[in-house]
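Q: Data file run-v8.csv (CSV, C-alpha atoms and all ligand atoms) is appended below.
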```
chain,number,residue,atom,x,y,z
A,1351,MET,CA,57.1,6.8,-15.1
A,1352,PRO,CA,53.3,6.8,-14.3
A,1353,TYR,CA,51.8,10.2,-13.6
A,1354,THR,CA,51.6,11.3,-9.9
A,1355,VAL,CA,49.9,14.4,-8.6
A,1356,PRO,CA,52.6,16.8,-7.7
A,1357,LYS,CA,52.5,18.9,-4.5
A,1358,LEU,CA,52.3,22.6,-5.3
A,1359,THR,CA,54.4,25.2,-3.6
A,1360,ASP,CA,53.5,27.9,-6.1
A,1361,PHE,CA,49.7,28.6,-6.5
A,1362,SER,CA,50.1,31.3,-9.1
A,1363,ALA,CA,47.8,31.2,-12.2
A,1364,SER,CA,50.7,30.1,-14.4
A,1365,ALA,CA,51.9,27.4,-12.1
A,1366,LEU,CA,48.3,26.0,-11.8
A,1367,ALA,CA,47.9,26.1,-15.5
A,1368,SER,CA,51.0,24.1,-16.1
A,1369,ALA,CA,50.1,21.5,-13.4
A,1370,VAL,CA,46.7,21.1,-15.1
A,1371,ARG,CA,48.3,20.8,-18.5
A,1372,ASP,CA,50.6,17.9,-17.2
A,1373,LEU,CA,47.6,16.2,-15.7
A,1374,PHE,CA,45.6,16.3,-18.9
A,1375,SER,CA,48.5,15.0,-21.0
A,1376,ALA,CA,48.8,12.1,-18.6
A,1377,LEU,CA,45.1,11.5,-18.9
A,1378,ASP,CA,45.2,11.5,-22.8
A,1379,SER,CA,48.2,9.1,-23.0
A,1380,GLU,CA,46.8,6.7,-20.5
A,1381,SER,CA,43.5,6.7,-22.4
A,1382,VAL,CA,45.2,5.5,-25.5
A,1383,ALA,CA,46.4,2.4,-23.7
A,1384,VAL,CA,42.8,1.2,-22.8
A,1385,HIS,CA,42.0,-1.7,-25.1
A,1386,ASN,CA,39.3,-3.7,-23.3
A,1387,ASP,CA,36.8,-3.7,-20.5
A,1388,ALA,CA,39.4,-4.7,-17.9
A,1389,ASP,CA,41.8,-1.9,-19.0
A,1390,TRP,CA,38.9,0.5,-18.8
A,1391,LYS,CA,38.0,-0.5,-15.3
A,1392,SER,CA,41.5,-0.1,-14.0
A,1393,PHE,CA,41.8,3.2,-15.9
A,1394,ARG,CA,38.5,4.4,-14.3
A,1395,ASP,CA,39.6,3.3,-10.8
A,1396,ARG,CA,43.1,4.9,-11.1
A,1397,TRP,CA,41.5,8.3,-12.0
A,1398,MET,CA,38.2,8.2,-10.1
A,1399,ALA,CA,38.3,5.8,-7.2
A,1400,ARG,CA,37.2,7.6,-4.0
A,1401,LYS,CA,40.0,6.2,-2.1
A,1402,ASN,CA,43.2,7.6,-3.5
A,1403,GLY,CA,42.1,8.0,-7.1
A,1404,ILE,CA,43.9,10.8,-8.9
A,1405,LEU,CA,40.8,13.1,-8.6
A,1406,THR,CA,40.8,12.5,-4.8
A,1407,GLN,CA,44.5,13.3,-4.7
A,1408,VAL,CA,44.0,16.5,-6.6
A,1409,ASN,CA,41.4,17.5,-4.1
A,1410,ASP,CA,43.7,16.7,-1.2
A,1411,VAL,CA,47.0,17.9,-2.5
A,1412,TRP,CA,45.9,21.0,-4.5
A,1413,LEU,CA,42.7,22.2,-3.1
A,1414,LYS,CA,43.0,21.4,0.6
A,1415,ALA,CA,46.6,22.6,0.8
A,1416,ALA,CA,45.9,25.9,-1.1
A,1417,PRO,CA,46.2,29.1,1.0
A,1418,LYS,CA,43.0,30.8,1.8
A,1419,GLU,CA,43.3,33.7,-0.7
A,1420,VAL,CA,43.7,31.4,-3.7
A,1421,LYS,CA,41.2,28.7,-2.7
A,1422,ARG,CA,38.5,30.0,-5.0
A,1423,ASP,CA,40.8,29.9,-8.0
A,1424,VAL,CA,42.1,26.5,-7.2
A,1425,GLY,CA,38.6,25.3,-6.6
A,1426,GLN,CA,37.5,26.3,-10.1
A,1427,ARG,CA,40.5,24.6,-11.6
A,1428,VAL,CA,39.8,21.4,-9.6
A,1429,ASN,CA,36.2,21.4,-10.8
A,1430,ALA,CA,37.3,21.7,-14.4
A,1431,VAL,CA,39.8,18.8,-13.9
A,1432,ARG,CA,37.0,16.7,-12.5
A,1433,ALA,CA,34.6,17.4,-15.3
A,1434,ARG,CA,37.3,16.6,-18.0
A,1435,VAL,CA,38.3,13.4,-16.3
A,1436,GLU,CA,34.7,12.2,-15.9
A,1437,GLU,CA,34.0,13.0,-19.5
A,1438,GLN,CA,37.1,11.2,-20.7
A,1439,VAL,CA,36.4,8.1,-18.6
A,1440,ASP,CA,32.9,8.0,-20.0
A,1441,SER,CA,33.8,8.6,-23.6
A,1442,ILE,CA,36.3,5.8,-23.9
A,1443,ARG,CA,34.1,3.2,-22.2
A,1444,PRO,CA,33.9,0.2,-24.5
A,1445,LYS,CA,30.5,0.0,-26.1
A,1446,ARG,CA,28.4,-3.2,-26.1
A,1447,VAL,CA,27.0,-4.3,-29.3
A,1448,PHE,CA,25.2,-7.6,-29.9
A,1449,SER,CA,24.3,-9.1,-33.2
A,1450,PHE,CA,21.4,-11.5,-33.5
A,1451,ARG,CA,21.8,-14.7,-35.5
A,1452,ARG,CA,18.5,-15.5,-37.2
A,1453,SER,CA,17.5,-19.0,-37.5
A,1454,GLU,CA,14.3,-19.9,-39.4
A,1455,GLY,CA,12.9,-16.4,-38.7
A,1456,ARG,CA,13.4,-16.7,-34.9
A,1457,VAL,CA,15.8,-14.6,-32.9
A,1458,VAL,CA,18.3,-16.8,-31.1
A,1459,GLU,CA,20.9,-16.4,-28.5
A,1460,PRO,CA,22.6,-13.0,-28.7
A,1461,GLU,CA,26.2,-13.4,-30.0
A,1462,PRO,CA,28.9,-11.1,-28.8
A,1463,ALA,CA,30.1,-8.9,-31.6
A,1464,VAL,CA,32.9,-6.5,-32.2
A,1465,ALA,CA,32.0,-3.2,-30.7
A,1466,ALA,CA,31.6,-0.2,-32.9
A,1467,THR,CA,34.2,2.2,-31.4
A,1468,GLY,CA,33.9,5.8,-30.8
A,1469,ALA,CA,36.6,8.2,-32.0
A,1470,ARG,CA,38.9,7.3,-29.2
A,1471,GLY,CA,37.4,4.1,-27.9
A,1472,PRO,CA,39.1,0.8,-28.3
A,1473,THR,CA,37.5,-2.3,-30.0
A,1474,VAL,CA,36.5,-4.9,-27.4
A,1475,ILE,CA,34.4,-8.0,-27.3
A,1476,ILE,CA,31.9,-8.2,-24.5
A,1477,SER,CA,30.4,-11.3,-23.3
A,1478,GLU,CA,28.5,-10.4,-20.1
A,1479,PRO,CA,25.7,-7.8,-19.8
A,1480,ARG,CA,26.3,-5.2,-17.2
A,1481,PRO,CA,24.6,-6.0,-13.9
A,1482,LEU,CA,21.7,-3.8,-12.9
A,1483,ASP,CA,22.8,-1.0,-10.5
A,1484,ILE,CA,20.1,-0.9,-7.9
A,1485,SER,CA,21.8,1.9,-6.1
A,1486,LEU,CA,20.8,4.4,-8.8
A,1487,PRO,CA,17.9,6.6,-7.9
A,1488,GLY,CA,14.6,5.4,-9.5
A,1489,ILE,CA,12.3,7.4,-11.7
A,1490,HIS,CA,10.0,9.5,-9.7
A,1491,ARG,CA,6.4,9.3,-10.9
A,1492,PRO,CA,4.2,11.9,-9.3
A,1493,ILE,CA,0.8,10.6,-8.2
A,1494,GLY,CA,-2.1,12.4,-9.7
A,1495,ALA,CA,-5.1,13.7,-7.8
A,1496,GLU,CA,-8.8,13.7,-8.4
A,1497,HIS,CA,-9.9,16.8,-10.4
A,1498,PRO,CA,-12.0,19.2,-8.1
A,1499,VAL,CA,-15.0,18.9,-10.4
A,1500,ILE,CA,-14.9,15.1,-10.3
A,1501,GLN,CA,-14.4,15.2,-6.5
A,1502,THR,CA,-17.5,17.3,-6.2
A,1503,MET,CA,-19.5,15.0,-8.5
A,1504,ASN,CA,-18.3,11.9,-6.5
A,1505,GLU,CA,-19.4,13.5,-3.2
A,1506,ILE,CA,-22.9,14.3,-4.7
A,1507,VAL,CA,-23.2,10.8,-6.1
A,1508,SER,CA,-22.2,9.3,-2.8
A,1509,VAL,CA,-24.9,11.1,-0.9
A,1510,PHE,CA,-27.5,9.7,-3.2
A,1511,ARG,CA,-26.0,6.2,-3.2
A,1512,ASN,CA,-26.5,6.2,0.6
A,1513,LEU,CA,-30.2,6.9,-0.1
A,1514,GLY,CA,-30.4,3.8,-2.4
A,1515,TYR,CA,-30.0,5.6,-5.7
A,1516,SER,CA,-28.0,3.9,-8.5
A,1517,VAL,CA,-25.8,5.6,-11.2
A,1518,GLU,CA,-26.8,5.8,-14.9
A,1519,GLU,CA,-24.9,7.3,-17.8
A,1520,GLY,CA,-25.8,8.2,-21.4
A,1521,PRO,CA,-24.2,9.4,-24.6
A,1522,GLU,CA,-22.9,13.0,-25.0
A,1523,ILE,CA,-23.9,13.0,-28.7
A,1524,GLU,CA,-27.7,12.8,-28.5
A,1525,THR,CA,-30.7,12.8,-30.8
A,1526,ASP,CA,-33.2,15.6,-30.8
A,1527,TYR,CA,-35.8,13.1,-29.6
A,1528,TYR,CA,-34.1,12.3,-26.3
A,1529,ASN,CA,-32.6,15.8,-25.7
A,1530,PHE,CA,-35.9,17.6,-26.4
A,1531,GLU,CA,-39.0,15.9,-27.8
A,1532,SER,CA,-39.4,13.2,-25.2
A,1533,LEU,CA,-38.8,15.7,-22.5
A,1534,ASN,CA,-41.8,17.6,-23.6
A,1535,PHE,CA,-40.1,20.3,-25.7
A,1536,PRO,CA,-42.3,20.1,-28.8
A,1537,PRO,CA,-40.6,21.2,-32.1
A,1538,ASN,CA,-40.4,25.0,-32.3
A,1539,HIS,CA,-41.3,25.4,-28.6
A,1540,PRO,CA,-39.6,28.6,-27.2
A,1541,ALA,CA,-38.2,26.6,-24.3
A,1542,ARG,CA,-35.7,25.1,-26.7
A,1543,ASP,CA,-34.2,28.6,-27.1
A,1544,THR,CA,-33.0,28.6,-23.5
A,1545,GLN,CA,-30.6,25.7,-24.2
A,1546,ASP,CA,-28.1,27.2,-26.7
A,1547,THR,CA,-27.7,24.0,-28.6
A,1548,LEU,CA,-24.6,22.9,-30.6
A,1549,PHE,CA,-26.0,20.9,-33.5
A,1550,ILE,CA,-24.0,18.3,-35.5
A,1551,ALA,CA,-23.6,19.5,-39.1
A,1552,ASN,CA,-25.3,18.0,-42.2
A,1553,GLN,CA,-28.3,16.4,-40.4
A,1554,GLU,CA,-31.0,18.3,-42.4
A,1555,SER,CA,-32.0,15.3,-44.5
A,1556,LYS,CA,-33.0,13.3,-41.4
A,1557,PRO,CA,-36.4,13.6,-39.7
A,1558,LEU,CA,-36.1,16.2,-36.8
A,1559,ARG,CA,-36.2,13.6,-34.0
A,1560,GLU,CA,-33.3,11.7,-35.4
A,1561,ARG,CA,-30.9,14.7,-35.9
A,1562,LEU,CA,-27.8,14.7,-33.7
A,1563,LEU,CA,-26.7,17.3,-31.3
A,1564,LEU,CA,-24.4,17.6,-28.3
A,1565,ARG,CA,-26.6,17.1,-25.3
A,1566,THR,CA,-27.4,20.3,-23.5
A,1567,HIS,CA,-28.3,18.6,-20.2
A,1568,THR,CA,-28.2,15.2,-18.6
A,1569,SER,CA,-32.1,15.0,-18.6
A,1570,PRO,CA,-32.2,12.7,-21.8
A,1571,VAL,CA,-30.8,9.9,-19.7
A,1572,GLN,CA,-34.1,10.0,-17.7
A,1573,ILE,CA,-36.0,8.7,-20.7
A,1574,ARG,CA,-33.2,6.3,-21.8
A,1575,THR,CA,-33.3,4.8,-18.3
A,1576,MET,CA,-37.1,4.5,-18.1
A,1577,GLU,CA,-37.0,2.7,-21.5
A,1578,LYS,CA,-34.6,0.2,-20.0
A,1579,LEU,CA,-35.8,-0.2,-16.3
A,1580,LYS,CA,-39.3,-0.7,-15.0
A,1581,PRO,CA,-40.6,1.4,-12.1
A,1582,PRO,CA,-39.8,1.9,-9.3
A,1583,ILE,CA,-36.5,3.6,-10.0
A,1584,ARG,CA,-34.1,5.9,-8.2
A,1585,ILE,CA,-31.2,7.1,-10.2
A,1586,VAL,CA,-28.5,9.8,-10.5
A,1587,ILE,CA,-26.8,10.7,-13.7
A,1588,PRO,CA,-23.5,12.5,-13.7
A,1589,GLY,CA,-22.0,13.7,-17.0
A,1590,LYS,CA,-20.7,16.3,-19.4
A,1591,VAL,CA,-23.0,18.6,-21.2
A,1592,TYR,CA,-22.5,21.2,-23.9
A,1593,ARG,CA,-23.9,24.6,-24.8
A,1594,ASN,CA,-23.0,27.3,-27.3
A,1595,ASP,CA,-21.8,29.7,-24.6
A,1596,PRO,CA,-18.5,31.6,-25.2
A,1597,PRO,CA,-16.1,30.9,-22.4
A,1598,ASP,CA,-15.8,33.5,-19.6
A,1599,ALA,CA,-15.4,33.4,-15.8
A,1600,SER,CA,-18.7,31.8,-15.3
A,1601,HIS,CA,-19.5,30.0,-18.6
A,1602,SER,CA,-17.9,27.2,-20.5
A,1603,PRO,CA,-19.1,25.5,-23.7
A,1604,MET,CA,-18.6,22.2,-21.8
A,1605,PHE,CA,-19.6,21.7,-18.2
A,1606,HIS,CA,-20.9,19.0,-15.9
A,1607,GLN,CA,-24.3,18.2,-14.5
A,1608,ILE,CA,-25.8,15.7,-12.1
A,1609,GLU,CA,-29.4,14.7,-12.8
A,1610,GLY,CA,-31.7,12.8,-10.5
A,1611,LEU,CA,-34.9,10.9,-11.0
A,1612,ALA,CA,-37.2,9.0,-8.6
A,1613,VAL,CA,-40.3,7.3,-9.9
A,1614,ASP,CA,-42.7,5.1,-7.8
A,1615,TYR,CA,-46.4,4.6,-7.2
A,1616,ASN,CA,-47.0,7.4,-4.7
A,1617,ILE,CA,-44.3,10.0,-4.9
A,1618,LYS,CA,-45.3,13.6,-3.8
A,1619,PHE,CA,-43.7,17.0,-3.8
A,1620,GLY,CA,-43.0,16.5,-0.1
A,1621,ASP,CA,-40.7,13.6,-1.0
A,1622,LEU,CA,-38.8,15.9,-3.4
A,1623,LYS,CA,-38.4,18.6,-0.7
A,1624,GLY,CA,-37.3,16.1,2.0
A,1625,THR,CA,-34.8,14.4,-0.3
A,1626,LEU,CA,-33.2,17.5,-1.7
A,1627,ASP,CA,-33.1,19.2,1.7
A,1628,HIS,CA,-31.3,16.1,3.2
A,1629,PHE,CA,-28.9,16.0,0.2
A,1630,ILE,CA,-27.8,19.6,0.5
A,1631,LYS,CA,-27.3,19.3,4.2
A,1632,ALA,CA,-25.2,16.2,3.8
A,1633,LEU,CA,-23.1,18.1,1.2
A,1634,LEU,CA,-22.7,21.5,2.8
A,1635,GLY,CA,-23.4,20.9,6.5
A,1636,SER,CA,-26.6,20.7,8.6
A,1637,SER,CA,-26.8,24.4,9.3
A,1638,VAL,CA,-27.9,25.4,5.8
A,1639,LYS,CA,-31.5,26.2,5.1
A,1640,THR,CA,-33.5,25.5,1.9
A,1641,ARG,CA,-36.2,27.3,0.1
A,1642,PHE,CA,-38.1,26.4,-3.1
A,1643,LYS,CA,-39.0,29.0,-5.6
A,1644,PRO,CA,-41.5,28.4,-8.4
A,1645,SER,CA,-40.0,28.0,-11.9
A,1646,PHE,CA,-40.6,26.4,-15.3
A,1647,PHE,CA,-39.1,23.4,-17.0
A,1648,PRO,CA,-41.1,21.6,-19.8
A,1649,PHE,CA,-40.5,18.1,-18.3
A,1650,THR,CA,-41.7,18.9,-14.8
A,1651,GLU,CA,-44.9,20.2,-13.4
A,1652,PRO,CA,-44.9,21.9,-11.0
A,1653,SER,CA,-41.2,23.1,-11.3
A,1654,ALA,CA,-39.0,24.8,-8.8
A,1655,GLU,CA,-35.6,26.1,-8.1
A,1656,MET,CA,-34.0,25.1,-4.8
A,1657,MET,CA,-32.3,27.9,-3.0
A,1658,VAL,CA,-29.9,27.3,-0.2
A,1659,SER,CA,-29.0,29.9,2.5
A,1660,CYS,CA,-25.6,31.3,1.6
A,1661,PHE,CA,-22.9,29.0,3.1
A,1662,ILE,CA,-20.3,31.6,2.5
A,1663,CYS,CA,-21.7,34.6,4.5
A,1664,GLY,CA,-24.1,32.4,6.6
A,1665,GLY,CA,-27.1,34.1,5.0
A,1666,SER,CA,-26.4,37.6,6.2
A,1667,GLY,CA,-25.4,39.0,2.8
A,1668,TRP,CA,-22.2,40.4,4.3
A,1669,ARG,CA,-18.6,39.2,4.8
A,1670,GLY,CA,-17.3,41.7,7.5
A,1671,ASN,CA,-17.8,45.1,5.9
A,1672,ASP,CA,-17.9,43.7,2.3
A,1673,PRO,CA,-21.0,42.7,0.4
A,1674,CYS,CA,-21.1,38.9,-0.2
A,1675,ARG,CA,-20.5,38.3,-3.9
A,1676,PRO,CA,-21.5,34.7,-4.4
A,1677,CYS,CA,-25.1,35.3,-3.1
A,1678,LYS,CA,-25.2,38.9,-4.5
A,1679,GLN,CA,-26.0,40.0,-1.0
A,1680,SER,CA,-29.3,38.2,-1.0
A,1681,GLY,CA,-28.3,35.6,1.5
A,1682,TRP,CA,-29.5,32.8,-0.8
A,1683,ILE,CA,-27.8,30.8,-3.6
A,1684,GLU,CA,-29.7,29.0,-6.4
A,1685,ILE,CA,-28.5,25.4,-6.4
A,1686,LEU,CA,-30.6,23.3,-8.7
A,1687,GLY,CA,-33.7,22.9,-10.8
A,1688,CYS,CA,-36.4,20.4,-9.9
A,1689,GLY,CA,-40.0,19.4,-10.1
A,1690,MET,CA,-42.6,16.6,-10.4
A,1691,VAL,CA,-42.2,14.6,-13.6
A,1692,ASP,CA,-44.7,16.0,-16.1
A,1693,PRO,CA,-47.3,13.2,-17.1
A,1694,ASN,CA,-46.5,14.1,-20.8
A,1695,VAL,CA,-43.0,12.7,-20.2
A,1696,PHE,CA,-44.3,9.4,-18.9
A,1697,GLU,CA,-46.5,9.1,-22.0
A,1698,PHE,CA,-43.3,8.4,-24.0
A,1699,VAL,CA,-42.4,5.4,-21.8
A,1700,LYS,CA,-45.9,4.3,-21.0
A,1701,ASP,CA,-45.3,0.9,-22.6
A,1702,ASN,CA,-42.6,0.1,-20.1
A,1703,GLY,CA,-44.8,0.4,-17.1
A,1704,TYR,CA,-44.8,4.2,-16.7
A,1705,ASP,CA,-48.6,4.8,-16.9
A,1706,PRO,CA,-49.0,8.5,-15.9
A,1707,LYS,CA,-52.2,7.5,-14.1
A,1708,LYS,CA,-50.4,5.1,-11.9
A,1709,VAL,CA,-46.8,6.3,-11.4
A,1710,SER,CA,-45.5,9.7,-10.2
A,1711,GLY,CA,-42.0,10.9,-9.6
A,1712,PHE,CA,-39.6,13.9,-9.1
A,1713,ALA,CA,-36.5,15.0,-11.0
A,1714,PHE,CA,-33.7,17.4,-10.4
A,1715,GLY,CA,-30.6,18.7,-12.1
A,1716,MET,CA,-27.6,20.7,-11.0
A,1717,GLY,CA,-24.4,22.1,-12.3
A,1718,ALA,CA,-21.4,20.3,-10.7
A,1719,ASP,CA,-18.9,23.0,-11.8
A,1720,ARG,CA,-20.9,25.7,-10.2
A,1721,LEU,CA,-21.1,23.8,-6.9
A,1722,ALA,CA,-17.3,23.2,-7.0
A,1723,ILE,CA,-16.8,26.9,-7.6
A,1724,LEU,CA,-18.9,27.8,-4.6
A,1725,LYS,CA,-17.4,25.0,-2.4
A,1726,TYR,CA,-13.7,25.9,-3.1
A,1727,GLY,CA,-14.1,29.6,-3.6
A,1728,VAL,CA,-12.7,29.5,-7.2
A,1729,ASP,CA,-13.4,32.7,-9.1
A,1730,ASP,CA,-13.1,31.5,-12.7
A,1731,ILE,CA,-14.6,28.3,-14.2
A,1732,GLN,CA,-11.9,28.3,-16.9
A,1733,LEU,CA,-9.3,27.3,-14.3
A,1734,PHE,CA,-11.0,23.8,-14.1
A,1735,PHE,CA,-10.3,23.1,-17.8
A,1736,GLN,CA,-6.9,24.6,-18.5
A,1737,GLY,CA,-5.0,21.8,-16.9
A,1738,ASP,CA,-2.6,24.0,-15.1
A,1739,VAL,CA,-0.9,21.8,-12.5
A,1740,ARG,CA,-0.2,24.7,-10.2
A,1741,PHE,CA,-4.0,25.1,-9.8
A,1742,LEU,CA,-4.9,21.4,-9.8
A,1743,GLU,CA,-2.3,20.3,-7.3
A,1744,GLN,CA,-4.0,22.5,-4.6
A,1745,PHE,CA,-6.8,20.0,-4.5
A,1746,GLY,CA,-4.5,16.9,-4.2
B,1801,LIG,N1,-32.1,20.1,-17.4
B,1801,LIG,C1,-32.2,21.3,-16.7
B,1801,LIG,C2,-31.2,22.3,-17.2
B,1801,LIG,O1,-30.2,21.9,-17.8
B,1801,LIG,C3,-32.0,21.1,-15.2
B,1801,LIG,C4,-33.2,20.4,-14.6
B,1801,LIG,C5,-34.2,21.1,-14.0
B,1801,LIG,C6,-33.2,19.0,-14.5
B,1801,LIG,C7,-35.3,20.5,-13.5
B,1801,LIG,C8,-34.3,18.4,-14.0
B,1801,LIG,C9,-35.3,19.1,-13.4
B,1801,LIG,O2,-34.3,17.1,-13.9
B,1801,LIG,O3,-36.4,18.5,-12.9
B,1801,LIG,O4,-31.3,23.5,-17.1
```
Would you mind writing the file's structure down as structure tokens?
A:
Amino acid sequence: MPYTVPKLTDFSASALASAVRDLFSALDSESVAVHNDADWKSFRDRWMARKNGILTQVNDVWLKAAPKEVKRDVGQRVNAVRARVEEQVDSIRPKRVFSFRRSEGRVVEPEPAVAATGARGPTVIISEPRPLDISLPGIHRPIGAEHPVIQTMNEIVSVFRNLGYSVEEGPEIETDYYNFESLNFPPNHPARDTQDTLFIANQESKPLRERLLLRTHTSPVQIRTMEKLKPPIRIVIPGKVYRNDPPDASHSPMFHQIEGLAVDYNIKFGDLKGTLDHFIKALLGSSVKTRFKPSFFPFTEPSAEMMVSCFICGGSGWRGNDPCRPCKQSGWIEILGCGMVDPNVFEFVKDNGYDPKKVSGFAFGMGADRLAILKYGVDDIQLFFQGDVRFLEQFG
């Protein structure tokens, strides 16, 4: 007699246990009779079909009919029955194995082979591959987002693109010549000390100008580009730079800069001021004000730092009753270094049309990470480089 799910009148623990025992023994004896794929399918349907399969009957006849006070117990048993039946159906499923006949080194038509059987599984021969089940859920692949530093760099670059600038790039491992000498940092000049340089080891046998280091700024790409392109040029140079700074909330041994250079036949300091004032208003909004403070860089003369009125406190130095931290209550934030290209720099590329008596230009450089920190109100630069998705997804 094939097994049928009995109606229960007694829902006591012992009666339930015995009903479950009977069901499992029917499950085991019917499993043994499964010999091929067709057997397995009818076995699966008998036990698991939604409409009137044994599991459905168990649900209807045992669980739904159970009195309220024992429903929880019965529910737990029914769940255990379901798990065991599903496991059994899965474990005796005939396995598909194909062998490949090799002919002259080429793989030819797969040949059905005798399946290796599991402990309880039958041996079957399978001829058809299983059809693709398109009703199964697909694999969810989350879409990434642009990193906040890259977002900021792209915004900066796009302001300059709209002014007709093009983008240049250069190597992160640089020679002393490009990083220092051709930018008017003579050997042993104290200005080199301001750029805590990471040198590549074992370079001592080379002449100084050929020794390798990790570039400390994007400025070397100014010279590389002027060697390549004749004046006039207008370029921006985004990229990674490196310094021997221990990491803390505002320092990182690797960070990002954007450099700019414009060289033509009649460029003046007024062009620099107008360009950079337009740039920062395009980036932060037209209500910010700019101010230029004298400074020093070996490769520009005169040199300046551009300050922008604090766009966090509006220049007042206060946020409500609290002092404004980003501008240190001064109402101004230092945004970038800039200046008129020093004629000594043009001397290094004179042969490519940059005669210091004829051409003039301005240059500028800024830290992209610092701008991103100010823009998004992030309080620790390290957050940008730790790759924590909980932080990064906030910028998606
Ligand atoms: N290279 C400078 C630095 O890393 C930044 C800089 C200042 C770049 C003035 C310039 C410039 O092009 O004109 O500190």
Q: Find the spatial neighbours of Pro1540 of chain A, counting only C-alpha atoms, within a cut-off of 12 Å - ignore same-chain residues fewer than 4 positions away - and output them as a PDB file with C-alpha atoms, in the coordinates of the input.
A:
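The new file selection.pdb reads:
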```
ATOM      1  CA  PHE A1530     -35.900  17.600 -26.400  1.00  0.00           C
ATOM      2  CA  ASN A1534     -41.800  17.600 -23.600  1.00  0.00           C
ATOM      3  CA  PHE A1535     -40.100  20.300 -25.700  1.00  0.00           C
ATOM      4  CA  PRO A1536     -42.300  20.100 -28.800  1.00  0.00           C
ATOM      5  CA  THR A1544     -33.000  28.600 -23.500  1.00  0.00           C
ATOM      6  CA  GLN A1545     -30.600  25.700 -24.200  1.00  0.00           C
ATOM      7  CA  ASP A1546     -28.100  27.200 -26.700  1.00  0.00           C
ATOM      8  CA  PHE A1647     -39.100  23.400 -17.000  1.00  0.00           C
ATOM      9  CA  PRO A1648     -41.100  21.600 -19.800  1.00  0.00           C
TER      10      PRO A1648
END
```
Q: Give me the residues within 9 Å of segment 1651-1665 of chain A as a VMD selection string, counting all atoms listed in the file and dropping any in the same chain fewer than 2 places off.
A: chain A and resid 1619 1623 1626 to 1627 1630 1634 to 1635 1637 to 1649 1667 to 1670 1674 1676 to 1677 1679 to 1693 1724 to 1725 1727
Q: Quick one: of A:Asn1429, A:Thr1547, A:Ser1485, A:Ser1362, who's nearest to ligand LIG 1801 (chain B), counting only C-alpha atoms and all ligand atoms?
A: A:Thr1547
Q: Contacts between segment 1504-1519 of chain A and segment 1671-1745 of chain A, please, where a residue of segment 1671-1745 of chain A counts if it comes within 12 Å (with all atoms listed in the file); show its shortest atom pair and distance in Å to one decimal, rows by chain and ascending number, as a tab-separated table.
A:
```
residue	atom	partner	partner_atom	distance
A:Gly1715	CA	A:Ile1506	CA	11.6
A:Met1716	CA	A:Ile1506	CA	10.1
A:Gly1717	CA	A:Ile1506	CA	11.0
A:Ala1718	CA	A:Ile1506	CA	8.6
A:Asp1719	CA	A:Ile1506	CA	11.9
A:Leu1721	CA	A:Ile1506	CA	9.9
A:Ala1722	CA	A:Glu1505	CA	10.6
A:Lys1725	CA	A:Glu1505	CA	11.7
```
Q: Might you pull out every residue within 10 Å of Gly1494 of chain A, with all atoms listed in the file counted and same-chain residues fewer than 5 positions away left off, and present them as a PyMOL selection string?
A: chain A and resi 1739+1742-1743+1746
Q: At most 10 Å from (54.4, 17.1, -8.7), file frame, all atoms listed in the file: which residues, as a PyMOL selection string?
A: chain A and resi 1353-1359+1369+1372-1373+1411
Q: Smallest atom-to-atom distance to ligand LIG 1801 (chain B): which of A:Pro1492, A:Pro1570, A:Pro1706, A:Pro1581, using all atoms listed in the file?
A: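 The shortest atom-to-atom distance to ligand LIG 1801 (chain B) comes from A:Pro1570.
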Q: What is the distance, in Å and to one decimal place, between atom CA of Glu1554 of chain A and atom CA of Val1591 of chain A?
A: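 Separating atom CA of Glu1554 of chain A from atom CA of Val1591 of chain A is a distance of 22.7 Å.
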Q: I want to know what sits within 7 Å of segment 1599-1603 of chain A, based on only C-alpha atoms, with residues of the same chain fewer than 3 positions away left out; could you give that as number ranges by chain?
A: A: 1592-1596, 1730-1732
Q: Can I get N, CA, C and O atoms for segment 1395-1399 of chain A, as a PDB file, in the first residue's frame?
A:
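Saved to part-v7.pdb:
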```pdb
ATOM      1  N   ASP A1395       7.710  14.762  -7.626  1.00  0.00           N
ATOM      2  CA  ASP A1395       6.362  15.326  -7.704  1.00  0.00           C
ATOM      3  C   ASP A1395       5.441  14.759  -6.636  1.00  0.00           C
ATOM      4  O   ASP A1395       4.625  15.464  -6.056  1.00  0.00           O
ATOM      5  N   ARG A1396       5.583  13.435  -6.399  1.00  0.00           N
ATOM      6  CA  ARG A1396       4.727  12.822  -5.379  1.00  0.00           C
ATOM      7  C   ARG A1396       4.953  13.502  -4.025  1.00  0.00           C
ATOM      8  O   ARG A1396       4.025  13.771  -3.301  1.00  0.00           O
ATOM      9  N   TRP A1397       6.206  13.831  -3.702  1.00  0.00           N
ATOM     10  CA  TRP A1397       6.484  14.394  -2.381  1.00  0.00           C
ATOM     11  C   TRP A1397       6.395  15.913  -2.346  1.00  0.00           C
ATOM     12  O   TRP A1397       6.009  16.499  -1.348  1.00  0.00           O
ATOM     13  N   MET A1398       6.741  16.555  -3.468  1.00  0.00           N
ATOM     14  CA  MET A1398       6.879  18.002  -3.368  1.00  0.00           C
ATOM     15  C   MET A1398       5.930  18.825  -4.239  1.00  0.00           C
ATOM     16  O   MET A1398       5.972  20.063  -4.176  1.00  0.00           O
ATOM     17  N   ALA A1399       5.108  18.207  -5.067  1.00  0.00           N
ATOM     18  CA  ALA A1399       4.232  19.011  -5.937  1.00  0.00           C
ATOM     19  C   ALA A1399       3.380  19.941  -5.076  1.00  0.00           C
ATOM     20  O   ALA A1399       2.875  19.553  -4.022  1.00  0.00           O
TER      21      ALA A1399
END
```
